[in-house]
$ cat upload-v8.txt   # compact mmCIF, C-alpha atoms
# COMPACT_ATOMS: atom_id res chain seq x y z
CA MET A 3 -28.33 -4.80 -3.45
CA SER A 4 -26.88 -8.24 -3.69
CA THR A 5 -27.16 -10.95 -1.09
CA ALA A 6 -23.43 -10.78 -0.63
CA CYS A 7 -23.64 -7.09 0.11
CA VAL A 8 -26.35 -7.63 2.67
CA VAL A 9 -24.11 -10.20 4.31
CA VAL A 10 -21.25 -7.77 4.39
CA ILE A 11 -23.31 -5.04 5.93
CA GLY A 12 -24.61 -7.44 8.50
CA VAL A 13 -21.15 -8.55 9.40
CA LEU A 14 -19.55 -5.17 9.39
CA MET A 15 -22.01 -3.26 11.50
CA ALA A 16 -19.31 -2.51 14.01
CA LEU A 17 -16.83 -1.21 11.49
CA PRO A 18 -16.06 2.45 11.09
CA VAL A 19 -16.12 2.19 7.31
CA SER A 20 -19.38 0.87 5.96
CA GLY A 21 -21.05 0.35 2.64
CA CYS A 22 -20.60 -2.04 -0.23
CA ARG A 23 -19.72 0.38 -2.99
CA ALA A 24 -19.15 3.98 -2.18
CA GLY A 25 -16.78 4.81 0.60
CA LEU A 26 -14.48 1.82 0.52
CA GLU A 27 -11.03 2.86 1.60
CA ARG A 28 -12.05 6.48 1.88
CA ARG A 29 -10.55 6.65 5.32
CA ASP A 30 -10.02 9.76 7.30
CA PRO A 31 -6.63 11.04 6.18
CA ASP A 32 -5.65 11.46 9.80
CA SER A 33 -5.94 7.70 10.31
CA GLY A 34 -2.90 7.12 8.09
CA ALA A 35 -0.14 5.46 10.04
CA LEU A 36 2.46 7.85 11.26
CA GLY A 37 1.37 10.31 8.60
CA GLY A 38 1.21 13.10 11.13
CA ASP A 39 4.76 12.64 12.31
CA SER A 40 7.16 15.48 11.76
CA ALA A 41 8.89 15.61 8.41
CA MET A 42 12.29 14.10 7.82
CA PRO A 43 15.11 16.61 7.20
CA ALA A 44 15.17 16.20 3.42
CA GLU A 45 11.39 16.52 3.29
CA SER A 46 11.62 19.74 5.27
CA MET A 47 14.20 21.04 2.81
CA VAL A 48 11.86 20.36 -0.11
CA GLU A 49 8.90 21.96 1.64
CA ALA A 50 10.92 25.02 2.54
CA LEU A 51 12.00 25.48 -1.05
CA VAL A 52 8.77 24.60 -2.86
CA GLY A 53 6.25 25.69 -0.26
CA VAL A 54 4.33 22.43 -0.48
CA SER A 55 4.77 19.32 1.62
CA MET A 56 6.61 16.38 0.14
CA GLY A 57 3.61 14.13 0.68
CA GLU A 58 1.36 16.49 -1.22
CA LEU A 59 3.88 16.79 -4.05
CA ARG A 60 4.11 13.01 -4.36
CA ARG A 61 0.32 12.79 -4.43
CA ARG A 62 0.22 15.35 -7.23
CA VAL A 63 2.71 13.33 -9.23
CA ASP A 64 0.61 10.21 -8.67
CA VAL A 65 -2.47 11.93 -10.04
CA ALA A 66 -0.58 13.45 -12.96
CA ARG A 67 0.65 10.02 -13.95
CA ILE A 68 -2.82 8.59 -13.78
CA GLN A 69 -3.98 11.36 -16.10
CA VAL A 70 -1.23 10.43 -18.55
CA ALA A 71 -2.35 6.81 -18.44
CA ILE A 72 -5.96 7.84 -19.03
CA GLU A 73 -4.95 9.88 -22.07
CA CYS A 74 -3.00 6.91 -23.36
CA VAL A 75 -6.06 4.68 -23.08
CA GLU A 76 -8.15 7.26 -24.93
CA GLN A 77 -5.57 7.51 -27.68
CA ARG A 78 -6.04 3.82 -28.20
CA GLY A 79 -9.69 4.36 -28.99
CA PHE A 80 -11.40 3.85 -25.67
CA VAL A 81 -13.36 6.34 -23.58
CA LEU A 82 -13.25 6.45 -19.81
CA PRO A 83 -16.53 7.50 -18.18
CA GLU A 84 -16.31 10.42 -15.80
CA SER A 85 -16.97 8.17 -12.83
CA ALA A 86 -14.10 5.92 -13.78
CA VAL A 87 -11.73 8.86 -14.08
CA ASP A 88 -12.84 10.08 -10.68
CA ALA A 89 -12.25 6.65 -9.18
CA LEU A 90 -8.79 6.42 -10.65
CA GLU A 91 -7.78 9.80 -9.32
CA THR A 92 -9.05 9.12 -5.81
CA LEU A 93 -6.10 7.66 -3.99
CA PRO A 94 -6.76 6.12 -0.60
CA SER A 95 -4.94 7.39 2.44
CA PRO A 96 -2.44 4.95 3.95
CA PRO A 97 -3.95 2.29 6.18
CA PRO A 98 -3.58 2.47 9.96
CA ILE A 99 -0.54 0.68 11.32
CA PHE A 100 -2.86 -2.00 12.65
CA GLY A 101 -6.49 -2.80 11.96
CA GLY A 102 -8.90 -3.40 9.16
CA ASN A 103 -7.60 -6.88 8.45
CA VAL A 104 -10.86 -8.76 8.96
CA ASP A 105 -12.70 -5.98 7.17
CA ALA A 106 -10.43 -6.42 4.15
CA ILE A 107 -10.96 -10.17 4.05
CA VAL A 108 -14.72 -9.89 4.31
CA ARG A 109 -14.99 -7.18 1.69
CA SER A 110 -12.73 -9.03 -0.66
CA ARG A 111 -14.39 -12.40 -0.37
CA LEU A 112 -18.02 -11.50 0.27
CA GLY A 113 -18.45 -7.91 -0.87
CA GLU A 114 -19.45 -6.62 -4.24
CA PRO A 115 -16.75 -5.27 -6.52
CA ALA A 116 -15.54 -1.97 -5.15
CA GLY A 117 -15.92 0.01 -8.34
CA SER A 118 -18.51 0.52 -11.04
CA VAL A 119 -17.42 -2.55 -12.90
CA ALA A 120 -18.50 -3.46 -16.38
CA VAL A 121 -17.40 -6.50 -18.28
CA LEU A 122 -14.34 -5.48 -20.26
CA SER A 123 -13.29 -6.98 -23.50
CA SER A 124 -9.85 -8.49 -23.76
CA ASP A 125 -8.90 -5.62 -26.09
CA GLU A 126 -9.90 -3.06 -23.49
CA ASP A 127 -7.97 -4.81 -20.79
CA ALA A 128 -4.95 -5.11 -23.02
CA ALA A 129 -5.05 -1.36 -23.79
CA ILE A 130 -5.19 -0.55 -20.11
CA GLN A 131 -2.31 -2.78 -19.24
CA GLN A 132 -0.16 -1.44 -22.04
CA CYS A 133 -0.84 2.14 -21.00
CA LEU A 134 -0.08 1.37 -17.39
CA VAL A 135 3.25 -0.08 -18.31
CA SER A 136 4.19 2.60 -20.83
CA THR A 137 3.28 5.44 -18.51
CA GLY A 138 5.61 3.99 -15.95
CA THR A 139 8.54 4.46 -18.26
CA SER A 140 7.50 7.60 -20.13
CA PHE A 141 6.62 9.85 -17.20
CA ALA A 142 9.90 10.99 -15.70
CA ASP A 143 9.92 10.84 -11.93
CA PRO A 144 10.72 14.35 -10.59
CA PHE A 145 11.93 12.80 -7.36
CA GLY A 146 14.17 10.18 -8.92
CA GLU A 147 17.49 11.84 -8.16
CA LEU A 148 16.36 12.92 -4.71
CA ASP A 149 15.21 9.43 -3.88
CA ASP A 150 18.49 8.01 -5.13
CA TRP A 151 20.30 10.38 -2.78
CA LEU A 152 18.07 9.37 0.11
CA ASP A 153 18.57 5.73 -0.75
CA ARG A 154 22.33 6.13 -0.58
CA ALA A 155 22.12 8.14 2.63
CA MET A 156 20.04 5.44 4.28
CA GLU A 157 21.58 2.34 2.76
CA ASP A 158 23.15 1.12 5.98
CA LEU A 159 20.17 2.18 8.05
CA ASN A 160 19.07 -1.30 9.13
CA ALA A 161 22.49 -2.15 10.51
CA ARG A 162 22.83 1.19 12.26
CA VAL A 163 19.39 0.91 13.80
CA ALA A 164 19.96 -2.68 14.89
CA ALA A 165 23.16 -1.66 16.67
CA ASP A 166 21.55 1.27 18.46
CA GLN A 167 20.68 0.50 22.06
CA ARG A 168 17.63 2.74 21.90
CA PHE A 169 16.27 0.44 19.21
CA VAL A 170 17.29 -2.71 21.07
CA ARG A 171 15.36 -1.57 24.10
CA ALA A 172 12.37 -0.39 22.08
CA ALA A 173 12.16 -3.60 20.05
CA GLU A 174 12.16 -5.70 23.20
CA ALA A 175 9.53 -3.44 24.76
CA GLU A 176 7.40 -3.85 21.62
CA ARG A 177 7.70 -7.64 21.72
CA SER A 178 6.87 -7.70 25.40
CA CYS A 179 3.90 -5.42 24.80
CA ILE A 180 2.47 -7.70 22.09
CA ARG A 181 3.20 -10.84 24.08
CA ASP A 182 1.16 -9.34 26.87
CA LEU A 183 -1.76 -9.26 24.46
CA GLY A 184 -1.49 -13.03 24.09
CA TYR A 185 0.68 -13.44 21.00
CA PRO A 186 3.86 -15.33 21.89
CA THR A 187 6.08 -14.22 19.00
CA GLY A 188 5.64 -10.61 20.08
CA ASP A 189 5.16 -9.61 16.43
CA SER A 190 2.19 -7.60 15.18
CA ALA A 191 2.10 -9.58 11.96
CA GLN A 192 1.20 -12.66 13.97
CA VAL A 193 -1.79 -10.81 15.39
CA ALA A 194 -2.95 -9.67 11.96
CA ASN A 195 -2.39 -13.05 10.34
CA ALA A 196 -4.24 -14.88 13.12
CA LEU A 197 -7.29 -12.65 12.68
CA MET A 198 -7.23 -13.01 8.90
CA SER A 199 -6.77 -16.77 9.14
CA ASP A 200 -9.81 -17.03 11.39
CA ALA A 201 -11.84 -14.87 9.01
CA ASN A 202 -10.83 -16.94 6.01
CA ARG A 203 -11.63 -20.17 7.82
CA LEU A 204 -15.12 -18.96 8.71
CA ILE A 205 -15.82 -17.89 5.14
CA ASP A 206 -14.45 -21.20 3.85
CA GLU A 207 -16.75 -23.07 6.21
CA PHE A 208 -19.74 -21.02 5.08
CA GLN A 209 -18.95 -21.47 1.42
CA SER A 210 -18.55 -25.22 1.87
CA ASN A 211 -21.88 -25.32 3.74
CA ALA A 212 -20.21 -26.40 6.96
CA ILE A 213 -21.78 -23.50 8.85
CA SER A 214 -24.80 -21.32 8.21
CA ARG A 215 -24.63 -17.73 7.05
CA SER A 216 -25.90 -16.48 10.36
CA ALA A 217 -23.24 -18.45 12.21
CA MET A 218 -20.57 -17.03 9.94
CA GLU A 219 -21.86 -13.51 10.39
CA GLN A 220 -22.00 -13.84 14.12
CA GLN A 221 -18.47 -15.16 14.38
CA LEU A 222 -17.07 -12.67 11.89
CA GLY A 223 -18.73 -9.92 13.88
CA GLY A 224 -16.92 -11.24 16.93
CA LEU A 225 -13.62 -11.15 15.06
CA VAL A 226 -14.24 -7.58 13.96
CA ALA A 227 -14.97 -6.59 17.54
CA GLN A 228 -11.85 -8.40 18.70
CA GLU A 229 -9.72 -6.60 16.11
CA ASN A 230 -11.26 -3.23 16.94
CA ALA A 231 -10.44 -3.80 20.58
CA LEU A 232 -6.90 -4.89 19.77
CA ALA A 233 -6.12 -2.14 17.26
CA PRO A 234 -5.25 0.68 19.66
CA LYS A 235 -3.31 -1.69 21.89
CA VAL A 236 -1.26 -3.21 19.05
CA GLY A 237 -0.80 0.24 17.57
CA ALA A 238 0.59 1.51 20.83
CA CYS A 239 2.98 -1.45 21.00
CA LEU A 240 4.18 -0.83 17.45
CA LYS A 241 4.79 2.83 18.04
CA ILE A 242 7.27 2.03 20.79
CA ARG A 243 9.65 0.69 18.13
CA LEU A 244 8.56 2.75 15.13
CA ASP A 245 9.06 6.06 16.90
CA VAL A 246 12.59 5.09 17.84
CA GLU A 247 13.32 3.86 14.32
CA ARG A 248 12.11 7.14 12.93
CA GLU A 249 14.19 9.15 15.33
CA ILE A 250 17.33 7.21 14.41
CA SER A 251 16.43 7.52 10.72
CA ARG A 252 16.13 11.25 11.15
CA GLU A 253 19.57 11.38 12.72
CA VAL A 254 21.09 9.29 9.94
CA GLN A 255 19.55 11.47 7.28
CA GLN A 256 20.54 14.69 9.03
CA SER A 257 24.10 13.39 9.32
CA ALA A 258 24.17 12.78 5.58
CA ILE A 259 22.85 16.27 4.96
CA ASP A 260 25.45 17.76 7.26
CA ARG A 261 28.17 15.99 5.32
CA ASN A 262 26.85 16.74 1.87
CA GLY A 263 24.10 19.29 2.17
CA ALA A 264 25.20 21.44 -0.75
CA ALA A 265 24.79 18.58 -3.19
CA LEU A 266 21.37 17.76 -1.79
CA GLU A 267 20.30 21.37 -2.07
CA GLU A 268 21.21 21.35 -5.76
CA ILE A 269 19.17 18.18 -6.23
CA VAL A 270 16.19 19.70 -4.46
CA LYS A 271 16.43 22.82 -6.63
CA GLU A 272 16.33 20.60 -9.69
CA VAL A 273 13.30 18.81 -8.28
CA ARG A 274 11.63 22.19 -7.93
CA VAL A 275 12.35 23.01 -11.58
CA ARG A 276 10.91 19.69 -12.73
CA LEU A 277 7.81 20.15 -10.61
CA HIS A 278 7.38 23.65 -12.01
CA ASP A 279 7.71 22.34 -15.56
CA LEU A 280 4.96 19.84 -14.78
CA GLY A 281 2.80 22.53 -13.21
CA LEU A 282 2.81 20.68 -9.93
CA ASP A 283 4.49 23.26 -7.71
CA THR A 284 1.57 25.59 -7.09
CA PRO A 285 1.08 26.57 -3.46
CA ASN A 286 -1.29 24.36 -1.54
CA THR A 287 -4.47 26.29 -0.89
CA THR A 288 -6.36 23.52 0.87
CA ASN A 289 -3.97 22.69 3.68
CA MET B 24 -15.15 4.53 -29.77
CA ASN B 25 -15.16 1.77 -27.28
CA ARG B 26 -16.39 2.31 -23.78
CA ILE B 27 -14.34 1.28 -20.85
CA THR B 28 -14.66 1.33 -17.09
CA GLY B 29 -12.26 2.27 -14.40
CA ARG B 30 -8.80 1.07 -15.00
CA GLY B 31 -5.73 3.09 -14.40
CA MET B 32 -2.59 3.26 -12.54
CA MET B 33 -0.60 4.85 -9.83
CA LEU B 34 3.00 5.21 -10.77
CA MET B 35 5.40 6.54 -8.24
CA ALA B 36 9.02 5.68 -7.71
CA ILE B 37 10.45 6.87 -4.43
CA ILE B 38 13.11 4.28 -4.80
CA THR B 39 13.35 2.56 -8.12
CA ALA B 40 12.31 -1.01 -7.66
CA ALA B 41 13.88 -3.68 -9.75
CA ALA B 42 13.63 -7.40 -9.97
CA GLY B 43 16.30 -9.11 -7.98
CA LEU B 44 16.82 -6.47 -5.32
CA THR B 45 16.67 -7.80 -1.84
CA ALA B 46 14.27 -6.10 0.49
CA GLY B 47 16.21 -6.03 3.67
CA ALA B 48 15.81 -8.15 6.73
CA GLY B 49 13.38 -10.96 6.48
CA ALA B 50 12.56 -10.53 2.82
CA GLY B 51 13.82 -13.58 1.06
CA THR B 52 13.68 -14.28 -2.62
CA ALA B 53 10.38 -15.71 -3.75
CA SER B 54 7.85 -15.46 -6.50
CA ALA B 55 5.76 -12.36 -6.10
CA TYR B 56 2.98 -10.88 -8.22
CA CYS B 57 1.55 -12.64 -11.27
CA ASN B 58 2.71 -11.71 -14.73
CA GLY B 59 -0.02 -13.69 -16.38
CA ALA B 60 -1.55 -16.98 -15.33
CA GLY B 61 1.03 -19.46 -14.12
CA ASN B 62 3.83 -16.89 -14.19
CA PRO B 63 4.70 -15.47 -10.77
CA VAL B 64 7.43 -12.79 -10.77
CA TYR B 65 9.72 -11.63 -7.98
CA TRP B 66 9.13 -8.09 -6.69
CA SER B 67 10.82 -6.02 -4.02
CA THR B 68 12.27 -2.63 -3.23
CA ALA B 69 15.00 -1.55 -0.84
CA TRP B 70 12.36 -1.15 1.87
CA ALA B 71 9.63 -3.70 1.24
CA ALA B 72 8.78 -6.90 -0.57
CA GLU B 73 5.68 -8.64 -1.77
CA THR B 74 5.22 -12.25 -2.65
CA ALA B 75 2.42 -14.29 -4.13
CA ALA B 76 0.89 -17.27 -2.43
CA SER B 77 1.61 -20.56 -4.09
CA GLY B 78 -0.86 -21.32 -6.85
CA THR B 79 -2.56 -17.93 -6.85
CA CYS B 80 -1.54 -17.13 -10.44
CA ASP B 81 -4.27 -19.43 -11.72
CA GLY B 82 -6.59 -17.07 -13.59
CA LEU B 83 -9.47 -17.58 -11.16
CA ASN B 84 -9.77 -13.87 -10.24
CA ASP B 85 -8.58 -14.11 -6.66
CA TYR B 86 -5.13 -13.05 -5.55
CA ASN B 87 -3.44 -13.99 -2.31
CA GLY B 88 -0.15 -12.44 -1.40
CA LYS B 89 1.88 -11.23 1.52
CA VAL B 90 3.97 -8.16 2.23
CA ILE B 91 6.86 -7.46 4.56
CA ASP B 92 8.64 -4.32 5.77
CA GLY B 93 12.28 -4.19 4.78
CA ALA B 94 13.70 -1.07 6.41
CA SER B 95 14.00 0.07 10.01
CA ASP B 96 12.91 3.57 9.07
CA GLY B 97 9.96 3.99 11.39
CA THR B 98 7.31 3.51 8.76
CA CYS B 99 5.20 0.50 7.86
CA VAL B 100 4.50 -0.60 4.31
CA TYR B 101 1.47 -1.73 2.37
CA VAL B 102 0.33 -2.71 -1.11
CA ARG B 103 -1.90 -0.37 -3.07
CA TYR B 104 -3.75 -2.16 -5.84
CA LEU B 105 -6.47 -1.40 -8.33
CA LYS B 106 -9.42 -3.59 -7.44
CA ASP B 107 -12.26 -3.41 -9.93
CA GLY B 108 -11.43 0.16 -10.84
CA VAL B 109 -10.86 1.50 -7.35
CA TRP B 110 -7.52 1.93 -5.62
CA THR B 111 -7.49 -0.20 -2.49
CA ASN B 112 -4.93 -0.75 0.26
CA SER B 113 -3.74 -3.93 1.88
CA PRO B 114 -3.40 -3.85 5.65
CA ALA B 115 -0.12 -2.32 6.82
CA ALA B 116 2.90 -4.54 7.38
CA CYS B 117 5.15 -3.32 10.17
CA SER B 118 7.26 -6.40 10.80
CA LEU B 119 10.70 -7.05 9.36
CA SER B 120 10.53 -10.73 10.19
CA ILE B 121 6.98 -11.99 9.63
CA TRP B 122 5.04 -11.53 6.41
CA THR B 123 1.57 -9.97 6.60
CA ASN B 124 -1.00 -11.72 4.42
CA TYR B 125 -3.55 -10.05 2.22
CA GLY B 126 -5.86 -11.04 -0.56
CA PHE B 127 -8.55 -9.76 -2.87
CA SER B 128 -10.63 -10.64 -5.86
CA ASP B 129 -10.81 -8.69 -9.10
CA ALA B 130 -13.31 -9.23 -11.89
CA ASN B 131 -10.70 -9.18 -14.63
CA SER B 132 -7.58 -10.40 -12.84
CA TYR B 133 -5.88 -7.10 -13.71
CA SER B 134 -4.66 -5.15 -10.70
CA PRO B 135 -1.77 -2.74 -11.14
CA SER B 136 -0.06 -2.45 -7.77
CA ASN B 137 2.53 -0.50 -5.82
CA LEU B 138 4.43 -1.05 -2.65
CA CYS B 139 3.93 2.04 -0.48
CA LYS B 140 5.16 3.54 2.76
CA SER B 141 2.56 4.20 5.44
CA SER B 142 4.21 7.50 6.27
CA GLY B 143 3.10 8.85 2.91
CA ALA B 144 6.72 9.03 1.79
CA GLY B 145 5.89 7.57 -1.58
CA CYS B 146 5.34 4.33 -3.39
CA SER B 147 7.39 2.06 -5.59
CA SER B 148 7.05 2.07 -9.32
CA GLN B 149 3.97 0.24 -10.49
CA TYR B 150 3.88 -3.43 -11.29
CA GLY B 151 1.16 -5.10 -13.31
CA ASN B 152 -0.41 -7.95 -11.41
CA THR B 153 -2.29 -10.01 -13.98
CA GLY B 154 -3.55 -13.52 -14.47
CA PHE B 155 -4.31 -14.33 -10.86

$ encode --input "upload-v8.txt" --output "structure tokens"
Amino acid sequence: MSTACVVVIGVLMALPVSGCRAGLERRDPDSGALGGDSAMPAESMVEALVGVSMGELRRRVDVARIQVAIECVEQRGFVLPESAVDALETLPSPPPIFGGNVDAIVRSRLGEPAGSVAVLSSDEDAAIQQCLVSTGTSFADPFGELDDWLDRAMEDLNARVAADQRFVRAAEAERSCIRDLGYPTGDSAQVANALMSDANRLIDEFQSNAISRSAMEQQLGGLVAQENALAPKVGACLKIRLDVEREISREVQQSAIDRNGAALEEIVKEVRVRLHDLGLDTPNTTN
Amino acid sequence: MNRITGRGMMLMAIITAAAGLTAGAGAGTASAYCNGAGNPVYWSTAWAAETAASGTCDGLNDYNGKVIDGASDGTCVYVRYLKDGVWTNSPAACSLSIWTNYGFSDANSYSPSNLCKSSGAGCSSQYGNTGF
């Protein structure tokens, strides 16, 4: 284990996710921000028709595309080890709506590389990049037309939300909530950026020999503890606004469906056909 | 046959992202990810934007960027990037007015990336972040 990794472990003792290699970003799926919220109307329509949640279908498409990219790399004369394939197909759950900022800085700047890295030749890297780009254009997106419809249905969402008094009240309550935590802009990004700025400064000072490793570790540990203590509070502040936004979004989308539901249903049926053709519409047996 | 380690991609287009689209409130035009050393490129979707820190496209293996939410849809956004063969997330950005910073290092300065919604409602098409 490298010195850097030892440093990271020392610093991150208080973190829920530990380790320098395995386990990075393998968060509990339930920690994903707002992931447990009820489905939007169009998502419910897809799930009712296909029998699989929209989120799961999108994940399947993600993995299928990665497999196409892997095949492309192999066709160019390279071989991906099993472990690399596994790593590529393991997609992290979304991050929490607040938290993990100091962790990310420390891991990035002091941790070992997250994967089983070998030195790649320029030819290997070029093959990967080319496959990544080509897969993006060659693998038809089964949700393309549906997403276009959703995009059109929601295109004036920001203006509608901003004019809604429920949002106006919620946004002010959110700002007040975050101000009460000691951040005068009332914006969660200020909280995150302040923590990350402090973490970067400490690491800069250590790397320029202005402070000792132990001093850096101690202060980074304090930052981690501070962020862990803030996370549920900031998260609760954020949800005041986000829940209202989502409710208004749901209404906007439902209104669009009410006006033009037949067209959407045809689009969803076509999505189902495309998913079936790709073999991605099998019932979910794990959920 | 050559041997290669973990490199891959995540390609998902909930809303087709294209250069030049604005990303809603607070997301101004700026240089975003690196398309090779010294060549920052603008990147945004209808619901999020990402921008590179000045001077980060320098080929020194460390990338610093920032991300901002662009839609009042009740979900936050984040960047998913391939760091040394493992998909990794940036912290979530939930603000429509203040950018959230993030950064990482990568051994080869190759990190395909996506803008994603925290709700799990999909990610943008992939962009190739190289030369940072």

$ atom_distance --input "upload-v8.txt" --atom1 "atom CA of Tyr125 of chain B" --atom2 "atom CA of Arg177 of chain A"
22.6 Å

$ atom_distance --input "upload-v8.txt" --atom1 "atom CA of Leu152 of chain A" --atom2 "atom CA of Gly151 of chain B"
26.0 Å

$ closest_residue --input "upload-v8.txt" --among "B:Val109, B:Cys57, B:Leu119, B:Leu138" --to "chain A" --atoms "all atoms listed in the file"
B:Val109

$ closest_residue --input "upload-v8.txt" --among "B:Tyr104, B:Tyr65, B:Phe155, B:Tyr56" --to "chain A" --atoms "all atoms listed in the file"
B:Tyr104

$ residues_around --input "upload-v8.txt" --residues "segment 267-284 of chain A" --least-positions-apart "3" --cutoff "10 Å" --atoms "all atoms listed in the file" --output "VMD selection string"
chain A and resid 44 to 45 47 to 49 51 to 54 58 to 63 66 142 to 149 151 259 262 to 264 287

$ atom_distance --input "upload-v8.txt" --atom1 "atom CA of Ser67 of chain B" --atom2 "atom CA of Met42 of chain A"
23.4 Å

$ closest_residue --input "upload-v8.txt" --among "B:Asn131, B:Cys99, B:Leu83, B:Asn58" --to "Ala71 of chain B" --atoms "only C-alpha atoms"
B:Cys99

$ residues_around --input "upload-v8.txt" --residues "segment 228-235 of chain A" --least-positions-apart "2" --cutoff "6 Å" --atoms "only C-alpha atoms" --output "PDB file with C-alpha atoms, in the frame of the given file"
ATOM      1  CA  PHE A 100      -2.860  -2.000  12.650  1.00  0.00           C
ATOM      2  CA  GLY A 101      -6.490  -2.800  11.960  1.00  0.00           C
ATOM      3  CA  LEU A 225     -13.620 -11.150  15.060  1.00  0.00           C
ATOM      4  CA  VAL A 226     -14.240  -7.580  13.960  1.00  0.00           C
ATOM      5  CA  GLY A 237      -0.800   0.240  17.570  1.00  0.00           C
ATOM      6  CA  ALA A 238       0.590   1.510  20.830  1.00  0.00           C
TER       7      ALA A 238
END

$ closest_residue --input "upload-v8.txt" --among "A:Asn103, A:Ser190, A:Ser55, A:Ser46" --to "Leu240 of chain A" --atoms "only C-alpha atoms"
A:Ser190

$ closest_residue --input "upload-v8.txt" --among "A:Ile68, A:Val236, A:Ala164, A:Val108" --to "Ala201 of chain A" --atoms "only C-alpha atoms"
A:Val108

$ residues_around --input "upload-v8.txt" --residues "Val102 of chain B" --least-positions-apart "6" --cutoff "12 Å" --atoms "all atoms listed in the file" --output "JSON, numbers by chain"
{"A": [94, 95, 96, 97], "B": [33, 56, 66, 67, 71, 72, 73, 74, 87, 88, 89, 90, 91, 92, 110, 111, 112, 113, 114, 115, 116, 123, 124, 125, 126, 127, 134, 135, 136, 137, 138, 139, 140, 141, 145, 146, 147, 148, 149, 150, 152]}

$ closest_residue --input "upload-v8.txt" --among "A:Gln77, A:Ser251, A:Ser199, A:Ser216" --to "chain B" --atoms "only C-alpha atoms"
A:Ser251

$ residues_around --input "upload-v8.txt" --residues "Ala94 of chain B" --least-positions-apart "5" --cutoff "12 Å" --atoms "all atoms listed in the file" --output "ChimeraX atom specification"
/A:153,156-164,244,247-248,251 /B:45-50,67-72,99-100,116-120,140

$ axis_aligned_box --input "upload-v8.txt" --around "segment 80-92 of chain B" --padding-each-side "8 Å" --output "AutoDock Vina command-line options"
--center_x -0.6 --center_y -11.9 --center_z -3.9 --size_x 34.4 --size_y 31.1 --size_z 35.4

$ residues_around --input "upload-v8.txt" --residues "Glu249 of chain A" --least-positions-apart "4" --cutoff "9 Å" --atoms "only C-alpha atoms" --output "list in words"
Leu244, Asp245, Glu253 and Val254 of chain A; Asp96 and Gly97 of chain B

$ build_atoms --input "upload-v8.txt" --residues "segment 209-222 of chain A" --atoms "N, CA and C atoms" --output "compact mmCIF listing (two decimals), keeping the file's coordinate frame"
# COMPACT_ATOMS: atom_id res chain seq x y z
N GLN A 209 -18.85 -21.19 2.85
CA GLN A 209 -18.95 -21.47 1.42
C GLN A 209 -18.94 -22.97 1.12
N SER A 210 -18.48 -23.77 2.06
CA SER A 210 -18.55 -25.22 1.87
C SER A 210 -19.75 -25.81 2.62
N ASN A 211 -20.64 -24.92 3.05
CA ASN A 211 -21.88 -25.32 3.74
C ASN A 211 -21.65 -26.02 5.08
N ALA A 212 -20.48 -25.80 5.65
CA ALA A 212 -20.21 -26.40 6.96
C ALA A 212 -20.87 -25.62 8.08
N ILE A 213 -21.06 -24.32 7.87
CA ILE A 213 -21.78 -23.50 8.85
C ILE A 213 -22.79 -22.63 8.10
N SER A 214 -23.77 -22.16 8.83
CA SER A 214 -24.80 -21.32 8.21
C SER A 214 -24.28 -19.89 8.03
N ARG A 215 -25.01 -19.14 7.23
CA ARG A 215 -24.63 -17.73 7.05
C ARG A 215 -24.70 -16.97 8.36
N SER A 216 -25.75 -17.22 9.10
CA SER A 216 -25.90 -16.48 10.36
C SER A 216 -24.77 -16.82 11.33
N ALA A 217 -24.35 -18.07 11.33
CA ALA A 217 -23.24 -18.45 12.21
C ALA A 217 -21.95 -17.75 11.76
N MET A 218 -21.76 -17.72 10.46
CA MET A 218 -20.57 -17.03 9.94
C MET A 218 -20.60 -15.56 10.31
N GLU A 219 -21.75 -14.94 10.09
CA GLU A 219 -21.86 -13.51 10.39
C GLU A 219 -21.60 -13.22 11.86
N GLN A 220 -22.17 -14.06 12.69
CA GLN A 220 -22.00 -13.84 14.12
C GLN A 220 -20.53 -13.94 14.51
N GLN A 221 -19.86 -14.96 13.99
CA GLN A 221 -18.47 -15.16 14.38
C GLN A 221 -17.55 -14.12 13.73
N LEU A 222 -17.87 -13.73 12.50
CA LEU A 222 -17.07 -12.67 11.89
C LEU A 222 -17.26 -11.35 12.65
